[in-house]
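Student: Sharing model_3.tsv (TSV, C-alpha atoms) below.
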```tsv
chain	number	residue	atom	x	y	z
X	1	MET	CA	1.88	9.86	-4.00
X	2	SER	CA	2.75	9.51	-0.34
X	3	ASP	CA	0.81	10.50	2.73
X	4	TYR	CA	2.21	13.31	4.86
X	5	PHE	CA	1.16	14.38	8.32
X	6	HIS	CA	1.06	18.17	8.49
X	7	LEU	CA	1.03	20.31	11.61
X	8	ARG	CA	0.25	24.00	11.11
X	9	ALA	CA	0.33	26.82	13.64
X	10	VAL	CA	-2.70	29.11	13.55
X	11	PRO	CA	-3.37	32.26	15.59
X	12	PRO	CA	-6.43	31.62	17.78
X	13	SER	CA	-8.15	34.73	16.39
X	14	ALA	CA	-7.93	33.27	12.87
X	15	LEU	CA	-9.04	29.76	13.83
X	16	ARG	CA	-12.38	28.52	12.51
X	17	ASN	CA	-14.19	25.39	13.64
X	18	SER	CA	-14.92	24.47	10.04
X	19	ALA	CA	-13.54	21.45	8.20
X	20	ASN	CA	-13.67	23.38	4.91
X	21	TRP	CA	-11.61	26.21	6.40
X	22	MET	CA	-9.12	23.72	7.86
X	23	GLN	CA	-8.78	21.91	4.54
X	24	ARG	CA	-7.89	25.20	2.82
X	25	LEU	CA	-5.03	25.57	5.35
X	26	PHE	CA	-3.34	22.59	3.70
X	27	GLU	CA	-3.89	23.46	0.04
X	28	ASP	CA	-0.78	25.62	-0.42
X	29	ASP	CA	1.95	24.69	-2.84
X	30	TRP	CA	5.20	23.17	-1.56
X	31	ASP	CA	7.10	26.46	-1.84
X	32	ALA	CA	4.74	28.09	0.66
X	33	VAL	CA	4.89	25.03	2.91
X	34	ARG	CA	8.71	24.99	2.85
X	35	GLU	CA	8.80	28.69	3.71
X	36	ARG	CA	6.54	28.15	6.75
X	37	ILE	CA	8.61	25.13	7.79
X	38	GLY	CA	11.70	27.34	7.69
X	39	ARG	CA	9.99	29.77	10.06
X	40	HIS	CA	8.73	26.91	12.30
X	41	ARG	CA	5.10	27.74	11.48
X	42	GLU	CA	4.41	24.36	9.90
X	43	GLU	CA	5.91	20.91	10.20
X	44	VAL	CA	5.57	17.85	7.97
X	45	LEU	CA	6.19	14.21	8.85
X	46	ASP	CA	6.34	11.52	6.17
X	47	LYS	CA	4.35	8.30	6.13
X	48	SER	CA	6.22	7.06	9.22
X	49	TYR	CA	4.41	9.62	11.40
X	50	LEU	CA	2.95	6.80	13.51
X	51	ASP	CA	6.49	5.69	14.34
X	52	HIS	CA	7.25	9.22	15.51
X	53	GLU	CA	4.11	9.06	17.65
X	54	LEU	CA	5.61	6.07	19.48
X	55	LEU	CA	8.37	8.30	20.84
X	56	TYR	CA	5.86	10.55	22.57
X	57	ALA	CA	3.27	8.05	23.82
X	58	GLY	CA	0.14	10.11	24.42
X	59	ALA	CA	1.76	13.54	24.68
X	60	GLU	CA	-0.24	14.91	21.68
X	61	VAL	CA	2.98	15.84	19.83
X	62	VAL	CA	2.00	14.07	16.62
X	63	LEU	CA	-1.51	12.72	17.14
X	64	GLY	CA	-3.92	14.08	19.68
X	65	GLY	CA	-6.30	16.97	19.63
X	66	LEU	CA	-9.98	17.62	19.16
X	67	PRO	CA	-11.16	15.86	15.98
X	68	VAL	CA	-12.95	17.97	13.37
X	69	TYR	CA	-14.48	15.72	10.73
X	70	PRO	CA	-14.55	16.76	7.07
X	71	GLY	CA	-17.77	16.38	5.12
X	72	ASP	CA	-16.07	13.67	3.05
X	73	HIS	CA	-16.00	10.78	5.51
X	74	ASP	CA	-13.33	9.00	3.43
X	75	LYS	CA	-10.83	11.58	4.65
X	76	PRO	CA	-9.25	11.50	8.12
X	77	PRO	CA	-10.34	14.10	10.67
X	78	PHE	CA	-8.40	17.24	11.38
X	79	LEU	CA	-6.95	17.39	14.87
X	80	LEU	CA	-7.05	20.68	16.72
X	81	LEU	CA	-4.81	21.58	19.65
X	82	THR	CA	-5.83	24.74	21.45
X	83	ALA	CA	-3.11	27.26	22.26
X	84	ALA	CA	-3.06	26.00	25.86
X	85	ARG	CA	-2.61	22.39	24.77
X	86	ALA	CA	0.06	23.37	22.22
X	87	ASN	CA	1.86	25.19	25.03
X	88	ARG	CA	1.79	21.99	27.14
X	89	VAL	CA	3.24	20.02	24.21
X	90	SER	CA	5.97	22.65	23.87
X	91	ALA	CA	6.81	22.34	27.56
X	92	TYR	CA	6.89	18.55	27.28
X	93	LEU	CA	9.24	18.62	24.28
X	94	GLY	CA	11.41	21.27	25.88
X	95	SER	CA	12.07	18.98	28.82
X	96	ALA	CA	12.10	15.66	26.95
X	97	ASP	CA	15.34	13.70	26.73
X	98	PHE	CA	15.49	12.28	23.18
X	99	GLU	CA	18.00	9.59	24.19
X	100	ALA	CA	15.66	8.30	26.89
X	101	LEU	CA	12.69	8.35	24.48
X	102	TRP	CA	14.73	6.52	21.83
X	103	LEU	CA	15.84	3.79	24.22
X	104	VAL	CA	12.22	2.99	25.12
X	105	VAL	CA	11.11	2.46	21.50
X	106	ARG	CA	14.25	1.53	19.56
X	107	GLU	CA	13.58	-2.24	19.67
X	108	GLU	CA	10.14	-1.66	18.17
X	109	LEU	CA	11.28	0.88	15.57
X	110	LEU	CA	14.52	-0.62	14.29
X	111	PRO	CA	12.99	-3.61	12.45
X	112	ARG	CA	10.89	-1.17	10.38
X	113	HIS	CA	13.84	1.15	9.69
X	114	GLY	CA	16.64	-1.10	8.51
X	115	GLY	CA	17.41	-3.13	11.62
X	116	ALA	CA	20.30	-2.84	14.03
X	117	THR	CA	22.83	-2.20	11.26
X	118	ALA	CA	20.91	0.96	10.29
X	119	GLU	CA	20.41	2.21	13.84
X	120	ARG	CA	22.69	5.23	13.46
X	121	GLU	CA	20.81	6.45	10.39
X	122	ALA	CA	17.35	5.68	11.83
X	123	ARG	CA	18.19	7.34	15.15
X	124	GLY	CA	19.45	10.37	13.21
X	125	VAL	CA	16.18	10.67	11.29
X	126	PHE	CA	14.14	10.50	14.48
X	127	ALA	CA	16.46	12.90	16.32
X	128	ALA	CA	16.17	15.43	13.48
X	129	ALA	CA	12.38	15.16	13.51
X	130	HIS	CA	12.43	15.59	17.29
X	131	ARG	CA	14.48	18.80	16.93
X	132	ASP	CA	12.13	20.08	14.22
X	133	LEU	CA	9.00	19.30	16.24
X	134	THR	CA	10.53	20.90	19.33
X	135	ALA	CA	11.33	24.09	17.35
X	136	PHE	CA	7.84	24.11	15.79
X	137	TYR	CA	6.04	23.80	19.13
X	138	ASP	CA	8.41	26.25	20.82
X	139	GLN	CA	7.67	28.89	18.20
X	140	THR	CA	3.96	28.07	18.34
X	141	ALA	CA	3.90	28.48	22.13
X	142	ARG	CA	5.83	31.78	21.95
X	143	TYR	CA	3.24	33.16	19.54
X	144	GLY	CA	0.36	31.74	21.61
X	145	ASP	CA	-0.97	29.82	18.62
X	146	ALA	CA	-3.14	26.77	18.22
X	147	VAL	CA	-2.16	23.82	16.00
X	148	VAL	CA	-4.21	22.16	13.27
X	149	LYS	CA	-3.04	18.71	12.16
X	150	TRP	CA	-4.06	16.66	9.16
X	151	LEU	CA	-2.99	13.59	7.22
X	152	VAL	CA	-2.66	14.88	3.65
X	153	HIS	CA	-2.80	12.40	0.76
```
Is it possible to express this structure as structure tokens?

Tutor:
Amino acid sequence: MSDYFHLRAVPPSALRNSANWMQRLFEDDWDAVRERIGRHREEVLDKSYLDHELLYAGAEVVLGGLPVYPGDHDKPPFLLLTAARANRVSAYLGSADFEALWLVVREELLPRHGGATAEREARGVFAAAHRDLTAFYDQTARYGDAVVKWLVH
């Protein structure tokens, strides 16, 4: 089974600073997850999530947030972005130029994604993820929600 990096929008009034509560956020079946993705209330990145992080260098789009550690220390921490921080990420993505971001990291990413001959496909995958993340954070900011992130095994 693969690892997936999940980002889930949560209304601040529903948010709990509890690792057990956060873990339950990510226990839904794939039908429920797909439905939330379709409404831009959740986003999922595959095992190459760290490569997506390279595009955004420190902007908290993928990684970033206040860590909340689960009781099981073998699991990665949850990352919590407050509504204000999620709003800043939305503003960043809304003004980001994907082409400029891609040009900065393409030489580093291409060897891991098929090389120069596969650039069109690799760029397309990253561009699609960029559009999805932009839509997710835009919707999250419009609702005034926070974001909980977790690497799900």

Student: Report, in Å to a single decimal, how far apart CA of Trp102 in chain X and CA of Leu55 in chain X are.

Tutor: 6.7 Å

Student: Within 9 Å of range 114-131 of chain X, counting only C-alpha atoms, which residues show up once you throw out same-chain ones fewer than 5 positions away? Write them as a ChimeraX atom specification, please.

Tutor: /X:45,52,55,93,98-99,102,106-107,109,136

Student: Output C-alpha atoms for every residue in the selection just made, as a CSV table (one decimal), keeping the file's coordinate frame.

Tutor:
```csv
chain,number,residue,atom,x,y,z
X,45,LEU,CA,6.2,14.2,8.8
X,52,HIS,CA,7.2,9.2,15.5
X,55,LEU,CA,8.4,8.3,20.8
X,93,LEU,CA,9.2,18.6,24.3
X,98,PHE,CA,15.5,12.3,23.2
X,99,GLU,CA,18.0,9.6,24.2
X,102,TRP,CA,14.7,6.5,21.8
X,106,ARG,CA,14.2,1.5,19.6
X,107,GLU,CA,13.6,-2.2,19.7
X,109,LEU,CA,11.3,0.9,15.6
X,136,PHE,CA,7.8,24.1,15.8
```

Student: At what distance in Å, to one decimal, does CA of Glu27 in chain X lie from CA of Gly144 in chain X?

Tutor: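 If I compute the distance from CA of Gly144 in chain X to CA of Glu27 in chain X, I get 23.5 Å.
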
Student: Please identify all polymer residues within 10 Å of Ala96 in chain X, counting all atoms listed in the file, omitting same-chain residues fewer than 4 positions from it, and present them as a ChimeraX atom specification.

Tutor: /X:56,90-92,100-101,130,134

Student: Write the residues of the selection above to a file with C-alpha atoms, as a compact mmCIF listing (two decimals), in the coordinates of the input.

Tutor:
```txt
# COMPACT_ATOMS: atom_id res chain seq x y z
CA TYR X 56 5.86 10.55 22.57
CA SER X 90 5.97 22.65 23.87
CA ALA X 91 6.81 22.34 27.56
CA TYR X 92 6.89 18.55 27.28
CA ALA X 100 15.66 8.30 26.89
CA LEU X 101 12.69 8.35 24.48
CA HIS X 130 12.43 15.59 17.29
CA THR X 134 10.53 20.90 19.33
```

Student: Please provide as a VMD selection string all residues within 12 Å of range 37-39 of chain X, with the sequence filter that same-chain residues fewer than 5 positions apart are discarded (counting only C-alpha atoms).

Tutor: chain X and resid 6 to 9 30 to 32 44 to 45 132 to 133 135 to 140

Student: Just give me the gap between CA of Arg112 in chain X and CA of Pro76 in chain X in Å, one decimal is fine.

Tutor: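 One can read the CA of Arg112 in chain X to CA of Pro76 in chain X distance as 23.9 Å.
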
Student: What are the centre and edge lengths in Å, to one decimal, of the axis-aligned box around all listed atoms of range 121-139 of chain X with 8 Å added on each side, as lines of an AutoDock Vina configuration file?

Tutor:
```
center_x = 13.4
center_y = 17.3
center_z = 15.6
size_x = 30.8
size_y = 39.2
size_z = 26.4
```

Student: Within 12 Å of (-9.6, 35.8, 18.6), all atoms listed in the file: residues as a list of chain:residue names?

Tutor: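 The distance filter leaves exactly X:Val10, X:Pro11, X:Pro12, X:Ser13, X:Ala14, X:Leu15, X:Arg16, X:Ala83, X:Gly144, X:Asp145, X:Ala146.
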
Student: Would you mind listing what lies within 9 Å of Asn20 in chain X as a list in words, with only C-alpha atoms counted and same-chain residues fewer than 3 positions away left out?

Tutor: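 Everything that qualifies: Asn17, Gln23, Arg24, Leu25, Pro70 and Gly71 of chain X.
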
Student: With only C-alpha atoms as the atoms that count, which of X:Val147, X:Leu110, X:Val105, X:Val33 lies nearest to Leu54 in chain X?

Tutor: X:Val105

Student: Pull the neighbourhood of (3.5, 13.1, 2.1) for me: all residues within 8 Å in file coordinates, counting all atoms listed in the file, as a ChimeraX atom specification.

Tutor: /X:1-5,44-47,152-153

Student: Pick the closest to Arg88 in chain X from X:Ala19, X:Val148, X:Leu50, X:Ala59: which is it, counting all atoms listed in the file?

Tutor: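 Among the listed residues, X:Ala59 lies closest to Arg88 in chain X.
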
Student: Write out as a list in words which residues come within 8 Å of Ser18 in chain X when counting all atoms listed in the file, dropping same-chain ones fewer than 3 positions away.

Tutor: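 The filter keeps Trp21, Met22 and Val68 of chain X.
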
Student: Which one is closest to Arg85 in chain X: X:Arg34, X:Arg41, X:His73, X:Ala141? Count all atoms listed in the file.

Tutor: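 The answer is X:Ala141, which sits nearest to Arg85 in chain X.
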
Student: Place all heavy atoms on range 39-50 of chain X and deliver the coordinates as a compact mmCIF listing (two decimals), keeping the file's coordinate frame.

Tutor:
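In the end it all went to rebuild.txt:
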```txt
# COMPACT_ATOMS: atom_id res chain seq x y z
N ARG X 39 10.31 28.84 8.97
CA ARG X 39 9.99 29.77 10.06
C ARG X 39 9.38 29.06 11.26
O ARG X 39 8.93 29.71 12.20
CB ARG X 39 9.03 30.86 9.56
CG ARG X 39 9.64 31.79 8.55
CD ARG X 39 8.69 32.93 8.14
NE ARG X 39 7.47 32.44 7.53
CZ ARG X 39 6.24 32.63 8.02
NH1 ARG X 39 6.05 33.32 9.11
NH2 ARG X 39 5.18 32.16 7.38
N HIS X 40 9.32 27.74 11.23
CA HIS X 40 8.73 26.91 12.30
C HIS X 40 7.25 27.23 12.51
O HIS X 40 6.75 27.19 13.63
CB HIS X 40 9.51 27.06 13.62
CG HIS X 40 10.96 26.78 13.48
ND1 HIS X 40 11.45 25.55 13.13
CD2 HIS X 40 12.03 27.59 13.61
CE1 HIS X 40 12.75 25.60 13.06
NE2 HIS X 40 13.14 26.83 13.35
N ARG X 41 6.54 27.48 11.42
CA ARG X 41 5.10 27.74 11.48
C ARG X 41 4.31 26.54 10.97
O ARG X 41 3.09 26.49 11.06
CB ARG X 41 4.74 28.98 10.66
CG ARG X 41 5.52 30.22 11.05
CD ARG X 41 5.38 30.59 12.52
NE ARG X 41 4.01 30.97 12.78
CZ ARG X 41 3.38 30.74 13.91
NH1 ARG X 41 3.98 30.13 14.90
NH2 ARG X 41 2.14 31.11 14.08
N GLU X 42 5.03 25.58 10.39
CA GLU X 42 4.41 24.36 9.90
C GLU X 42 5.46 23.26 10.00
O GLU X 42 6.66 23.53 9.92
CB GLU X 42 3.96 24.53 8.44
CG GLU X 42 3.19 23.37 7.88
CD GLU X 42 2.41 23.72 6.62
OE1 GLU X 42 2.29 24.90 6.28
OE2 GLU X 42 1.90 22.79 5.99
N GLU X 43 5.00 22.04 10.17
CA GLU X 43 5.91 20.91 10.20
C GLU X 43 5.25 19.78 9.43
O GLU X 43 4.02 19.66 9.41
CB GLU X 43 6.21 20.48 11.65
CG GLU X 43 7.36 19.55 11.79
CD GLU X 43 8.63 20.05 11.12
OE1 GLU X 43 9.09 21.17 11.43
OE2 GLU X 43 9.15 19.33 10.26
N VAL X 44 6.07 18.96 8.79
CA VAL X 44 5.57 17.85 7.97
C VAL X 44 6.34 16.60 8.34
O VAL X 44 7.57 16.61 8.38
CB VAL X 44 5.75 18.15 6.46
CG1 VAL X 44 5.27 16.98 5.62
CG2 VAL X 44 5.01 19.42 6.06
N LEU X 45 5.60 15.53 8.61
CA LEU X 45 6.19 14.21 8.85
C LEU X 45 5.77 13.30 7.71
O LEU X 45 4.62 13.36 7.26
CB LEU X 45 5.72 13.63 10.18
CG LEU X 45 6.11 14.42 11.43
CD1 LEU X 45 5.40 13.83 12.65
CD2 LEU X 45 7.62 14.43 11.62
N ASP X 46 6.67 12.43 7.26
CA ASP X 46 6.34 11.52 6.17
C ASP X 46 5.44 10.40 6.67
O ASP X 46 4.93 10.43 7.78
CB ASP X 46 7.60 11.01 5.49
CG ASP X 46 8.45 10.11 6.39
OD1 ASP X 46 7.96 9.67 7.45
OD2 ASP X 46 9.60 9.84 6.02
N LYS X 47 5.29 9.39 5.83
CA LYS X 47 4.35 8.30 6.13
C LYS X 47 4.68 7.53 7.42
O LYS X 47 3.86 6.79 7.92
CB LYS X 47 4.27 7.34 4.96
CG LYS X 47 5.58 6.63 4.68
CD LYS X 47 5.47 5.73 3.48
CE LYS X 47 6.77 5.01 3.26
NZ LYS X 47 7.55 5.48 2.19
N SER X 48 5.87 7.74 7.97
CA SER X 48 6.22 7.06 9.22
C SER X 48 5.81 7.88 10.45
O SER X 48 6.32 7.66 11.54
CB SER X 48 7.73 6.76 9.26
OG SER X 48 8.47 7.95 9.31
N TYR X 49 4.84 8.77 10.28
CA TYR X 49 4.41 9.62 11.40
C TYR X 49 3.95 8.80 12.60
O TYR X 49 4.13 9.22 13.74
CB TYR X 49 3.34 10.62 10.97
CG TYR X 49 2.02 10.00 10.61
CD1 TYR X 49 1.01 9.88 11.56
CD2 TYR X 49 1.77 9.52 9.33
CE1 TYR X 49 -0.20 9.29 11.25
CE2 TYR X 49 0.57 8.94 9.00
CZ TYR X 49 -0.41 8.82 9.96
OH TYR X 49 -1.61 8.25 9.65
N LEU X 50 3.38 7.62 12.37
CA LEU X 50 2.95 6.80 13.51
C LEU X 50 4.15 6.29 14.30
O LEU X 50 4.07 6.11 15.51
CB LEU X 50 2.07 5.64 13.04
CG LEU X 50 0.69 6.03 12.54
CD1 LEU X 50 -0.05 4.82 11.98
CD2 LEU X 50 -0.12 6.71 13.64
```
